[in-house]
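Source file: data-v5.cif; contents: mmCIF, C-alpha atoms and all ligand atoms.
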data_start
#
loop_
_atom_site.label_atom_id
_atom_site.label_comp_id
_atom_site.auth_asym_id
_atom_site.auth_seq_id
_atom_site.Cartn_x
_atom_site.Cartn_y
_atom_site.Cartn_z
CA MET A 6 82.81 41.16 17.49
CA GLU A 7 80.03 38.77 16.60
CA VAL A 8 78.93 38.14 13.04
CA THR A 9 75.54 36.61 12.22
CA HIS A 10 75.56 33.16 10.63
CA ARG A 11 74.10 33.31 7.13
CA ASP A 12 73.32 30.50 4.75
CA LEU A 13 75.05 31.64 1.59
CA PHE A 14 73.19 30.74 -1.60
CA GLY A 15 74.53 33.54 -3.78
CA PRO A 16 77.31 33.49 -6.38
CA GLY A 17 80.03 33.20 -3.70
CA PRO A 18 81.34 33.34 -1.10
CA THR A 19 79.70 30.13 0.00
CA ASN A 20 79.64 28.71 3.54
CA VAL A 21 83.01 27.65 4.89
CA PRO A 22 83.40 24.27 6.66
CA ASP A 23 84.43 24.41 10.34
CA SER A 24 87.74 22.63 9.73
CA ILE A 25 88.74 25.44 7.34
CA LEU A 26 87.79 28.12 9.87
CA GLN A 27 89.83 26.24 12.48
CA ALA A 28 92.83 26.12 10.14
CA LEU A 29 92.49 29.87 9.72
CA SER A 30 92.83 30.42 13.46
CA GLN A 31 96.13 28.53 13.84
CA PRO A 32 99.05 30.69 15.07
CA THR A 33 100.43 33.11 12.53
CA ILE A 34 104.04 32.36 11.62
CA GLY A 35 106.46 34.07 9.25
CA HIS A 36 105.91 33.63 5.53
CA LEU A 37 109.53 32.46 5.17
CA ASP A 38 109.37 30.09 8.16
CA PRO A 39 110.38 26.57 7.03
CA GLU A 40 107.17 25.21 8.57
CA PHE A 41 105.09 27.58 6.48
CA LEU A 42 107.08 26.75 3.34
CA ARG A 43 106.28 23.08 3.89
CA ILE A 44 102.59 23.94 4.17
CA MET A 45 102.87 25.88 0.91
CA ASP A 46 104.53 22.96 -0.85
CA GLU A 47 101.80 20.64 0.34
CA THR A 48 99.17 23.13 -0.82
CA GLY A 49 100.83 23.19 -4.26
CA GLU A 50 100.64 19.37 -4.46
CA ARG A 51 96.97 19.35 -3.51
CA LEU A 52 96.26 22.14 -5.96
CA ARG A 53 97.87 20.15 -8.80
CA TYR A 54 95.39 17.39 -8.04
CA ALA A 55 92.44 19.82 -8.00
CA PHE A 56 93.53 21.29 -11.36
CA GLN A 57 94.48 17.83 -12.71
CA THR A 58 97.87 19.07 -13.78
CA SER A 59 101.53 18.30 -13.33
CA ASN A 60 102.50 21.93 -14.04
CA ALA A 61 105.40 22.91 -11.78
CA LEU A 62 104.22 26.52 -11.70
CA THR A 63 101.00 26.01 -9.73
CA PHE A 64 100.36 28.21 -6.70
CA VAL A 65 97.92 30.50 -4.90
CA LEU A 66 97.93 34.22 -5.64
CA SER A 67 97.42 36.51 -2.65
CA ALA A 68 94.27 38.27 -3.83
CA PRO A 69 90.81 37.36 -5.16
CA GLY A 70 89.87 35.77 -8.49
CA SER A 71 90.27 39.01 -10.43
CA ILE A 72 94.02 38.94 -9.77
CA GLY A 73 94.11 35.54 -11.49
CA MET A 74 92.57 37.15 -14.55
CA GLU A 75 94.94 40.12 -14.43
CA THR A 76 97.98 37.88 -13.83
CA SER A 77 97.10 35.70 -16.82
CA PHE A 78 96.75 38.66 -19.13
CA VAL A 79 99.74 40.73 -18.04
CA ASN A 80 102.12 37.78 -18.20
CA MET A 81 100.93 36.17 -21.42
CA LEU A 82 100.38 39.31 -23.48
CA GLU A 83 102.77 42.01 -24.55
CA PRO A 84 101.59 45.31 -25.98
CA GLY A 85 100.43 44.69 -29.55
CA ASP A 86 99.83 40.93 -29.10
CA LYS A 87 96.51 39.85 -30.53
CA VAL A 88 94.18 37.97 -28.18
CA ILE A 89 90.75 36.54 -28.94
CA VAL A 90 88.43 37.06 -25.96
CA CYS A 91 85.15 35.12 -25.81
CA ILE A 92 82.38 37.11 -24.16
CA ASN A 93 79.10 35.57 -23.02
CA GLY A 94 78.64 37.45 -19.75
CA VAL A 95 80.16 39.94 -17.31
CA PHE A 96 83.46 38.17 -16.76
CA GLY A 97 84.31 37.79 -20.44
CA GLY A 98 83.69 41.55 -20.61
CA ARG A 99 86.15 42.07 -17.78
CA MET A 100 88.75 40.07 -19.73
CA LYS A 101 88.33 42.45 -22.65
CA ASP A 102 88.84 45.44 -20.35
CA ILE A 103 92.03 43.96 -18.89
CA GLY A 104 93.29 42.97 -22.35
CA GLU A 105 92.89 46.56 -23.53
CA ARG A 106 94.61 47.91 -20.43
CA VAL A 107 97.68 45.74 -21.12
CA ARG A 108 97.59 47.26 -24.62
CA ALA A 109 96.95 43.98 -26.37
CA GLU A 110 94.87 43.99 -29.54
CA VAL A 111 91.59 42.46 -28.38
CA ILE A 112 89.36 40.62 -30.85
CA THR A 113 86.02 39.63 -29.34
CA VAL A 114 83.76 36.68 -30.01
CA GLU A 115 80.42 37.65 -28.49
CA ASN A 116 77.61 35.27 -27.71
CA GLU A 117 74.17 35.81 -26.26
CA TRP A 118 74.04 35.99 -22.45
CA GLY A 119 72.68 32.69 -21.18
CA THR A 120 74.38 30.68 -23.95
CA PRO A 121 77.89 29.16 -24.07
CA VAL A 122 80.84 30.24 -26.21
CA ASP A 123 79.96 29.27 -29.79
CA LEU A 124 82.67 27.10 -31.32
CA GLY A 125 81.78 28.07 -34.89
CA ASP A 126 82.13 31.78 -34.05
CA LEU A 127 85.44 31.12 -32.34
CA GLU A 128 86.74 29.15 -35.32
CA ARG A 129 85.78 31.97 -37.71
CA ALA A 130 87.69 34.46 -35.53
CA LEU A 131 90.74 32.18 -35.43
CA VAL A 132 90.71 31.82 -39.23
CA GLU A 133 90.26 35.57 -39.69
CA HIS A 134 93.09 36.36 -37.25
CA PRO A 135 95.90 33.85 -37.88
CA ASP A 136 98.27 36.16 -35.96
CA ALA A 137 96.35 35.78 -32.69
CA VAL A 138 98.61 34.47 -29.91
CA ALA A 139 95.99 33.53 -27.33
CA VAL A 140 92.34 32.67 -26.76
CA ALA A 141 90.75 33.64 -23.45
CA PHE A 142 87.38 32.45 -22.19
CA VAL A 143 85.32 31.89 -19.05
CA HIS A 144 84.64 28.20 -18.37
CA ALA A 145 81.85 28.85 -15.87
CA GLU A 146 80.19 32.25 -16.44
CA THR A 147 78.90 33.22 -12.99
CA SER A 148 76.80 36.11 -14.32
CA THR A 149 74.67 33.81 -16.46
CA GLY A 150 75.00 30.30 -14.97
CA VAL A 151 76.41 28.86 -18.20
CA LEU A 152 79.14 26.26 -18.65
CA SER A 153 81.18 26.45 -21.85
CA ASP A 154 83.00 23.51 -23.43
CA ALA A 155 86.55 24.17 -22.26
CA LYS A 156 87.92 21.01 -23.84
CA ALA A 157 86.59 21.88 -27.31
CA ILE A 158 87.61 25.55 -27.04
CA ALA A 159 91.16 24.53 -26.10
CA ALA A 160 91.34 22.00 -28.95
CA LEU A 161 90.32 24.68 -31.48
CA ALA A 162 92.75 27.22 -30.07
CA LYS A 163 95.59 24.67 -30.23
CA GLU A 164 94.82 23.90 -33.88
CA HIS A 165 95.56 27.58 -34.51
CA ASP A 166 98.65 27.57 -32.30
CA CYS A 167 97.18 29.84 -29.64
CA LEU A 168 97.76 29.78 -25.91
CA VAL A 169 94.60 29.03 -23.93
CA LEU A 170 93.71 31.25 -20.96
CA ALA A 171 90.78 29.88 -18.93
CA ASP A 172 88.80 31.50 -16.13
CA CYS A 173 87.78 28.60 -13.88
CA VAL A 174 86.73 30.69 -10.89
CA THR A 175 83.35 28.95 -10.54
CA SER A 176 84.31 25.58 -12.01
CA LEU A 177 87.36 24.40 -10.03
CA SER A 178 86.26 21.38 -7.96
CA GLY A 179 82.58 21.93 -8.83
CA VAL A 180 82.48 20.62 -12.41
CA GLU A 181 84.83 18.52 -14.51
CA LEU A 182 88.07 20.34 -15.24
CA ARG A 183 91.23 18.66 -16.59
CA VAL A 184 93.96 21.18 -17.20
CA ASP A 185 96.57 18.84 -18.74
CA ASP A 186 94.28 16.53 -20.70
CA TRP A 187 92.43 19.45 -22.23
CA GLY A 188 95.57 21.47 -22.99
CA LEU A 189 94.75 24.61 -21.00
CA ASP A 190 97.80 26.87 -20.63
CA VAL A 191 96.90 29.37 -17.92
CA VAL A 192 94.05 28.55 -15.57
CA TYR A 193 93.00 30.53 -12.52
CA SER A 194 90.25 30.22 -9.97
CA GLY A 195 88.93 31.76 -6.75
CA SER A 196 88.91 30.49 -3.19
CA GLN A 197 85.32 31.39 -2.31
CA LYS A 198 83.31 29.29 -4.76
CA CYS A 199 83.36 25.49 -5.09
CA LEU A 200 86.46 25.21 -2.89
CA SER A 201 84.27 26.57 -0.05
CA CYS A 202 87.21 28.52 1.34
CA VAL A 203 87.41 32.09 2.63
CA PRO A 204 87.52 34.79 -0.08
CA GLY A 205 90.69 36.57 -1.11
CA MET A 206 92.85 33.99 -2.87
CA SER A 207 93.27 32.91 -6.47
CA PRO A 208 94.79 29.52 -7.32
CA ILE A 209 96.61 29.59 -10.67
CA THR A 210 98.62 27.23 -12.90
CA PHE A 211 100.88 27.75 -15.94
CA SER A 212 101.78 25.12 -18.56
CA THR A 213 105.32 24.69 -19.91
CA LYS A 214 104.23 26.51 -23.06
CA ALA A 215 102.97 29.42 -20.97
CA VAL A 216 106.27 29.57 -19.08
CA GLU A 217 108.14 29.59 -22.44
CA LYS A 218 106.01 32.51 -23.60
CA LEU A 219 106.81 34.32 -20.37
CA LYS A 220 110.55 33.68 -20.72
CA GLY A 221 110.53 34.85 -24.34
CA ARG A 222 109.00 38.25 -23.58
CA LYS A 223 110.67 41.28 -25.12
CA THR A 224 109.03 43.75 -22.75
CA ARG A 225 108.65 43.86 -18.97
CA VAL A 226 105.42 42.53 -17.48
CA GLN A 227 103.10 45.52 -17.13
CA SER A 228 102.47 44.94 -13.40
CA TRP A 229 105.06 44.48 -10.65
CA PHE A 230 102.79 42.60 -8.25
CA CYS A 231 101.50 40.19 -10.89
CA ASP A 232 104.86 39.54 -12.57
CA VAL A 233 105.14 35.75 -12.42
CA GLY A 234 108.88 35.93 -13.16
CA LEU A 235 109.29 37.72 -9.83
CA LEU A 236 106.73 35.57 -8.02
CA MET A 237 108.62 32.43 -9.07
CA SER A 238 111.50 33.39 -6.77
CA TYR A 239 109.10 32.87 -3.86
CA TYR A 240 106.88 30.04 -5.04
CA GLU A 241 109.24 27.87 -7.05
CA SER A 242 112.65 27.90 -5.40
CA GLY A 243 113.79 25.60 -2.59
CA GLU A 244 113.76 26.44 1.11
CA LYS A 245 117.24 27.97 1.18
CA THR A 246 116.82 30.18 -1.86
CA ARG A 247 113.23 31.25 -1.35
CA ALA A 248 113.17 35.03 -1.45
CA TYR A 249 110.77 37.67 -0.25
CA HIS A 250 108.41 39.03 -2.87
CA HIS A 251 105.39 40.10 -0.80
CA THR A 252 104.07 39.05 2.59
CA ALA A 253 101.86 36.06 1.86
CA PRO A 254 98.48 35.91 3.69
CA VAL A 255 99.73 33.15 5.98
CA ASN A 256 96.49 32.24 7.78
CA SER A 257 94.39 32.39 4.64
CA LEU A 258 96.82 29.95 3.07
CA TYR A 259 96.34 27.54 5.99
CA ALA A 260 92.65 27.72 5.13
CA MET A 261 93.39 27.00 1.46
CA ASN A 262 95.54 24.05 2.44
CA GLU A 263 92.66 22.59 4.45
CA ALA A 264 90.10 23.36 1.70
CA LEU A 265 92.24 21.42 -0.76
CA ARG A 266 92.70 18.56 1.72
CA LEU A 267 88.92 18.23 1.77
CA VAL A 268 88.90 18.07 -2.04
CA VAL A 269 91.57 15.36 -2.08
CA ASP A 270 89.81 13.35 0.63
CA GLU A 271 86.47 13.48 -1.11
CA SER A 272 87.96 12.96 -4.62
CA LEU A 273 87.20 15.24 -7.53
CA GLU A 274 84.83 12.80 -9.20
CA SER A 275 82.66 12.57 -6.06
CA ARG A 276 82.70 16.32 -5.66
CA TRP A 277 81.66 16.91 -9.28
CA SER A 278 78.79 14.39 -8.89
CA ARG A 279 77.70 15.99 -5.62
CA HIS A 280 77.43 19.42 -7.28
CA SER A 281 75.52 17.95 -10.21
CA GLU A 282 73.09 15.99 -8.03
CA ALA A 283 72.34 19.01 -5.83
CA ALA A 284 71.72 21.19 -8.89
CA ARG A 285 69.38 18.65 -10.51
CA HIS A 286 67.39 18.48 -7.29
CA LEU A 287 67.12 22.26 -7.22
CA TYR A 288 65.96 22.43 -10.87
CA ALA A 289 63.25 19.87 -10.14
CA ARG A 290 62.04 21.73 -7.04
CA LEU A 291 61.91 25.12 -8.74
CA GLU A 292 60.32 23.88 -11.96
CA ALA A 293 57.71 21.89 -10.02
CA ALA A 294 56.72 25.19 -8.38
CA GLY A 295 56.28 26.83 -11.80
CA LEU A 296 59.50 28.88 -11.78
CA GLN A 297 61.49 29.21 -15.01
CA LEU A 298 65.19 28.59 -15.34
CA ILE A 299 67.05 30.91 -17.69
CA VAL A 300 69.62 28.53 -19.18
CA ALA A 301 68.84 25.54 -21.43
CA GLU A 302 69.40 22.31 -19.52
CA GLU A 303 72.42 21.14 -21.53
CA HIS A 304 74.35 24.35 -20.85
CA ARG A 305 73.59 24.79 -17.16
CA LEU A 306 76.38 25.29 -14.66
CA ALA A 307 75.67 23.02 -11.68
CA PRO A 308 77.18 25.30 -8.99
CA LEU A 309 75.06 28.31 -10.05
CA THR A 310 71.47 28.43 -11.27
CA LEU A 311 69.67 31.41 -12.78
CA VAL A 312 65.96 31.55 -12.09
CA GLN A 313 63.69 34.08 -13.73
CA ILE A 314 62.06 36.46 -11.24
CA PRO A 315 58.35 35.62 -11.48
CA HIS A 316 55.84 38.26 -12.53
CA GLY A 317 54.64 40.23 -9.50
CA ALA A 318 57.61 39.39 -7.25
CA ASP A 319 59.71 42.31 -6.06
CA ASP A 320 63.39 41.42 -6.52
CA ALA A 321 64.85 43.57 -3.74
CA SER A 322 62.19 42.77 -1.11
CA VAL A 323 62.34 39.02 -1.68
CA ARG A 324 66.12 39.04 -1.21
CA ARG A 325 65.89 41.41 1.78
CA ASN A 326 63.21 39.28 3.47
CA LEU A 327 65.26 36.13 3.00
CA LEU A 328 68.21 37.86 4.64
CA ASP A 329 66.31 39.54 7.47
CA ASN A 330 63.87 36.75 8.33
CA ARG A 331 65.84 33.62 7.50
CA ASN A 332 69.51 34.64 7.38
CA ILE A 333 69.68 33.43 3.81
CA GLU A 334 71.63 35.15 1.06
CA LEU A 335 70.22 34.80 -2.44
CA GLY A 336 72.17 36.29 -5.37
CA GLY A 337 70.72 39.12 -7.44
CA GLY A 338 71.08 39.25 -11.22
CA LEU A 339 74.23 40.78 -12.68
CA GLY A 340 74.58 42.99 -15.77
CA LYS A 341 71.84 42.25 -18.31
CA PHE A 342 70.11 39.96 -15.81
CA SER A 343 69.93 42.56 -13.06
CA GLY A 344 66.30 42.73 -11.83
CA LYS A 345 65.36 39.85 -14.14
CA ALA A 346 66.91 36.78 -12.51
CA TRP A 347 68.08 35.45 -9.17
CA ARG A 348 71.31 33.54 -8.90
CA ILE A 349 71.27 30.51 -6.63
CA GLY A 350 74.65 29.09 -5.71
CA LEU A 351 75.06 25.53 -4.49
CA MET A 352 78.82 25.54 -4.13
CA GLY A 353 81.34 23.57 -2.10
CA GLN A 354 79.85 22.69 1.28
CA ASN A 355 76.39 23.81 0.14
CA ALA A 356 76.25 21.47 -2.86
CA CYS A 357 73.93 18.84 -1.43
CA VAL A 358 70.27 17.93 -1.65
CA GLU A 359 69.46 19.13 1.89
CA ARG A 360 70.83 22.60 1.18
CA ALA A 361 69.02 22.68 -2.18
CA ASP A 362 65.81 21.96 -0.27
CA LEU A 363 66.56 24.71 2.23
CA ILE A 364 66.93 27.41 -0.42
CA ALA A 365 64.01 26.10 -2.49
CA ASP A 366 61.68 25.95 0.54
CA SER A 367 62.77 29.38 1.76
CA LEU A 368 62.48 31.10 -1.62
CA LEU A 369 59.09 29.59 -2.37
CA ALA A 370 57.84 30.63 1.08
CA GLU A 371 58.77 34.26 0.31
CA LEU A 372 56.91 34.39 -3.02
C1 LIG B 401 83.85 33.80 -13.52
C2 LIG B 401 84.48 34.78 -12.59
N1 LIG B 401 85.65 35.33 -12.90
C3 LIG B 401 86.25 36.21 -12.09
C4 LIG B 401 85.68 36.60 -10.90
C5 LIG B 401 86.37 37.59 -10.03
O1 LIG B 401 86.66 37.01 -8.79
P1 LIG B 401 86.80 37.90 -7.47
O2 LIG B 401 85.48 38.53 -7.22
O3 LIG B 401 87.18 36.88 -6.44
O4 LIG B 401 87.86 38.89 -7.74
C6 LIG B 401 84.45 36.07 -10.54
C7 LIG B 401 83.78 36.46 -9.29
O5 LIG B 401 82.66 36.16 -9.03
C8 LIG B 401 83.84 35.12 -11.41
O6 LIG B 401 82.66 34.57 -11.08
#
Rewritten as structure tokens:
Amino acid sequence: MEVTHRDLFGPGPTNVPDSILQALSQPTIGHLDPEFLRIMDETGERLRYAFQTSNALTFVLSAPGSIGMETSFVNMLEPGDKVIVCINGVFGGRMKDIGERVRAEVITVENEWGTPVDLGDLERALVEHPDAVAVAFVHAETSTGVLSDAKAIAALAKEHDCLVLADCVTSLSGVELRVDDWGLDVVYSGSQKCLSCVPGMSPITFSTKAVEKLKGRKTRVQSWFCDVGLLMSYYESGEKTRAYHHTAPVNSLYAMNEALRLVVDESLESRWSRHSEAARHLYARLEAAGLQLIVAEEHRLAPLTLVQIPHGADDASVRRNLLDNRNIELGGGLGKFSGKAWRIGLMGQNACVERADLIADSLLAEL
């Protein structure tokens, strides 16, 4: 089998560094093999650094980012619990859907697509619903290219004694994220975005307060696979007591271990600056060519830029030509932005000025 090399400038997956692909092709061993358990422990340590947390319960779920969302909701919410969900794009909407499926009472705070979560609106909802137990929001909304103020959202939620559930799928290691300093209780991400790893894994972390909430549950977690109480027997216990829960994706976890090693080696601060510098270069290139960016500068998400499709350009043919003629993937608009905007990802390995030039040159050549 031979797969064509593509340059991936969509909303993820992004290109995967060679050292990660090499890690993936190491020999498969058993998921209870002591050697593998040591790799998992090391991965947990590296992940704590990436999340900026000392949370003991920090590990990698064996499925894509959506399982992080589902795991957060099913473990933190019991039927009838009230949760405030902030919606400013597709993924906030998905949180609402999952909240309803776990039979929580979902209160929504809705903001215009292309704008961040509004703190005033959130505060009004918190005052109106003093019985809410949690606030959930998307730090980096990949459908709109907007970054919300996670630190301020968490501070507000804490003032009202709510747990904070944060979707950091497109922010982890791409923009500033400090789980402990900001007081985030459950934070999950995805492997295929700024970590530049292969898709299919979801790093997650739980604060002490989140673990207390879990231990105090009166009802069983609504999902067997996502029940963190059961998962803990595999991820948290020592070598001798570690018990089978499910068969971990051994080789993918080697890849995650290597992806996180690259984060540690580079340092988070350098990685955040690299994403920001690449994005600023892209903005300048696109705006100089007369293209319009959808999101106001102060709310832009460096790893993902939304550009308005110019009048006269055919969305599908531009993207198809880029793929067929140049092996370049450009992201289409999602939800309300479908057919109206392109999404340009500069994530992980691709977050550099040279790659920003490649996508800018290629897109402009196709217009
Ligand atoms: C913000 C956000 N949350 C959740 C998800 C779901 O992740 P996955 O597609 O890996 O299940 C995505 C995927 O793009 C995302 O961007």
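When all atoms listed in the file are used to measure the gap to A:Val203, the shortest distance among A:Val132, A:Asn256, A:Glu83, A:Ile72 belongs to A:Asn256.
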Env of A:Phe142: 12 Å cut, atoms = only C-alpha atoms, seq-sep filter 6 positions within chain, self excluded. Answer as an MDAnalysis selection string.
chainID A and resid 74 77:78 88:101 113:116 121:124 127 152:159 162 168:174 189:193
Okay, now the selection with C-alpha atoms, as a short mmCIF file (atom, residue, chain, number, x, y, z; two decimals), keeping the file's coordinate frame?
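selection_18.cif, freshly written:
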data_model
loop_
_atom_site.label_atom_id
_atom_site.label_comp_id
_atom_site.auth_asym_id
_atom_site.auth_seq_id
_atom_site.Cartn_x
_atom_site.Cartn_y
_atom_site.Cartn_z
CA MET A 74 92.57 37.15 -14.55
CA SER A 77 97.10 35.70 -16.82
CA PHE A 78 96.75 38.66 -19.13
CA VAL A 88 94.18 37.97 -28.18
CA ILE A 89 90.75 36.54 -28.94
CA VAL A 90 88.43 37.06 -25.96
CA CYS A 91 85.15 35.12 -25.81
CA ILE A 92 82.38 37.11 -24.16
CA ASN A 93 79.10 35.57 -23.02
CA GLY A 94 78.64 37.45 -19.75
CA VAL A 95 80.16 39.94 -17.31
CA PHE A 96 83.46 38.17 -16.76
CA GLY A 97 84.31 37.79 -20.44
CA GLY A 98 83.69 41.55 -20.61
CA ARG A 99 86.15 42.07 -17.78
CA MET A 100 88.75 40.07 -19.73
CA LYS A 101 88.33 42.45 -22.65
CA THR A 113 86.02 39.63 -29.34
CA VAL A 114 83.76 36.68 -30.01
CA GLU A 115 80.42 37.65 -28.49
CA ASN A 116 77.61 35.27 -27.71
CA PRO A 121 77.89 29.16 -24.07
CA VAL A 122 80.84 30.24 -26.21
CA ASP A 123 79.96 29.27 -29.79
CA LEU A 124 82.67 27.10 -31.32
CA LEU A 127 85.44 31.12 -32.34
CA LEU A 152 79.14 26.26 -18.65
CA SER A 153 81.18 26.45 -21.85
CA ASP A 154 83.00 23.51 -23.43
CA ALA A 155 86.55 24.17 -22.26
CA LYS A 156 87.92 21.01 -23.84
CA ALA A 157 86.59 21.88 -27.31
CA ILE A 158 87.61 25.55 -27.04
CA ALA A 159 91.16 24.53 -26.10
CA ALA A 162 92.75 27.22 -30.07
CA LEU A 168 97.76 29.78 -25.91
CA VAL A 169 94.60 29.03 -23.93
CA LEU A 170 93.71 31.25 -20.96
CA ALA A 171 90.78 29.88 -18.93
CA ASP A 172 88.80 31.50 -16.13
CA CYS A 173 87.78 28.60 -13.88
CA VAL A 174 86.73 30.69 -10.89
CA LEU A 189 94.75 24.61 -21.00
CA ASP A 190 97.80 26.87 -20.63
CA VAL A 191 96.90 29.37 -17.92
CA VAL A 192 94.05 28.55 -15.57
CA TYR A 193 93.00 30.53 -12.52
#
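Take atom CA of A:Ser67 and atom CA of A:Ala55: the distance between them is 18.2 Å.
Of the residues under consideration (A:Thr9, A:Ser176, A:Asn332, A:Gln31), A:Ser176 shows the shortest atom-to-atom contact distance to ligand LIG 401 (chain B) when counting all atoms listed in the file.
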Selection as a PyMOL selection string: residues within 6 Å of ligand LIG 401 (chain B) by only C-alpha atoms and all ligand atoms
chain A and resi 69-71+96+145-147+172+174-175+195
Export, as a PDB file, in the coordinates of the input, the selected residues with C-alpha atoms.
ATOM      1  CA  PRO A  69      90.810  37.360  -5.160  1.00  0.00           C
ATOM      2  CA  GLY A  70      89.870  35.770  -8.490  1.00  0.00           C
ATOM      3  CA  SER A  71      90.270  39.010 -10.430  1.00  0.00           C
ATOM      4  CA  PHE A  96      83.460  38.170 -16.760  1.00  0.00           C
ATOM      5  CA  ALA A 145      81.850  28.850 -15.870  1.00  0.00           C
ATOM      6  CA  GLU A 146      80.190  32.250 -16.440  1.00  0.00           C
ATOM      7  CA  THR A 147      78.900  33.220 -12.990  1.00  0.00           C
ATOM      8  CA  ASP A 172      88.800  31.500 -16.130  1.00  0.00           C
ATOM      9  CA  VAL A 174      86.730  30.690 -10.890  1.00  0.00           C
ATOM     10  CA  THR A 175      83.350  28.950 -10.540  1.00  0.00           C
ATOM     11  CA  GLY A 195      88.930  31.760  -6.750  1.00  0.00           C
TER      12      GLY A 195
END
Write out as a PyMOL selection string the residues lying within 12 Å of A:Ala365, counting all atoms listed in the file and excluding same-chain residues fewer than 2 positions away.
chain A and resi 14+283-284+286-294+296+310+312+327+333+335+349-351+358-363+367-372
Neighbouring residues of stretch 32-48 of chain A were defined as those with any atom within 10 Å, considering all atoms listed in the file; residues of the same chain fewer than 5 positions away were excluded. Please report them as a PyMOL selection string.
chain A and resi 53-54+63-65+239-241+243-245+247-249+251-266
Need the shell around A:Gln354: protein/DNA/RNA residues with any atom at most 10 Å away, counting all atoms listed in the file. Skip same-chain ones fewer than 4 positions apart. Format as number ranges by chain?
A: 19-22, 198-202, 276, 279-280, 360
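Distances to A:Ser196 were evaluated for A:Gly353, A:Pro208, A:Gly125, A:Gly317 using all atoms listed in the file, and the minimum falls at A:Pro208.
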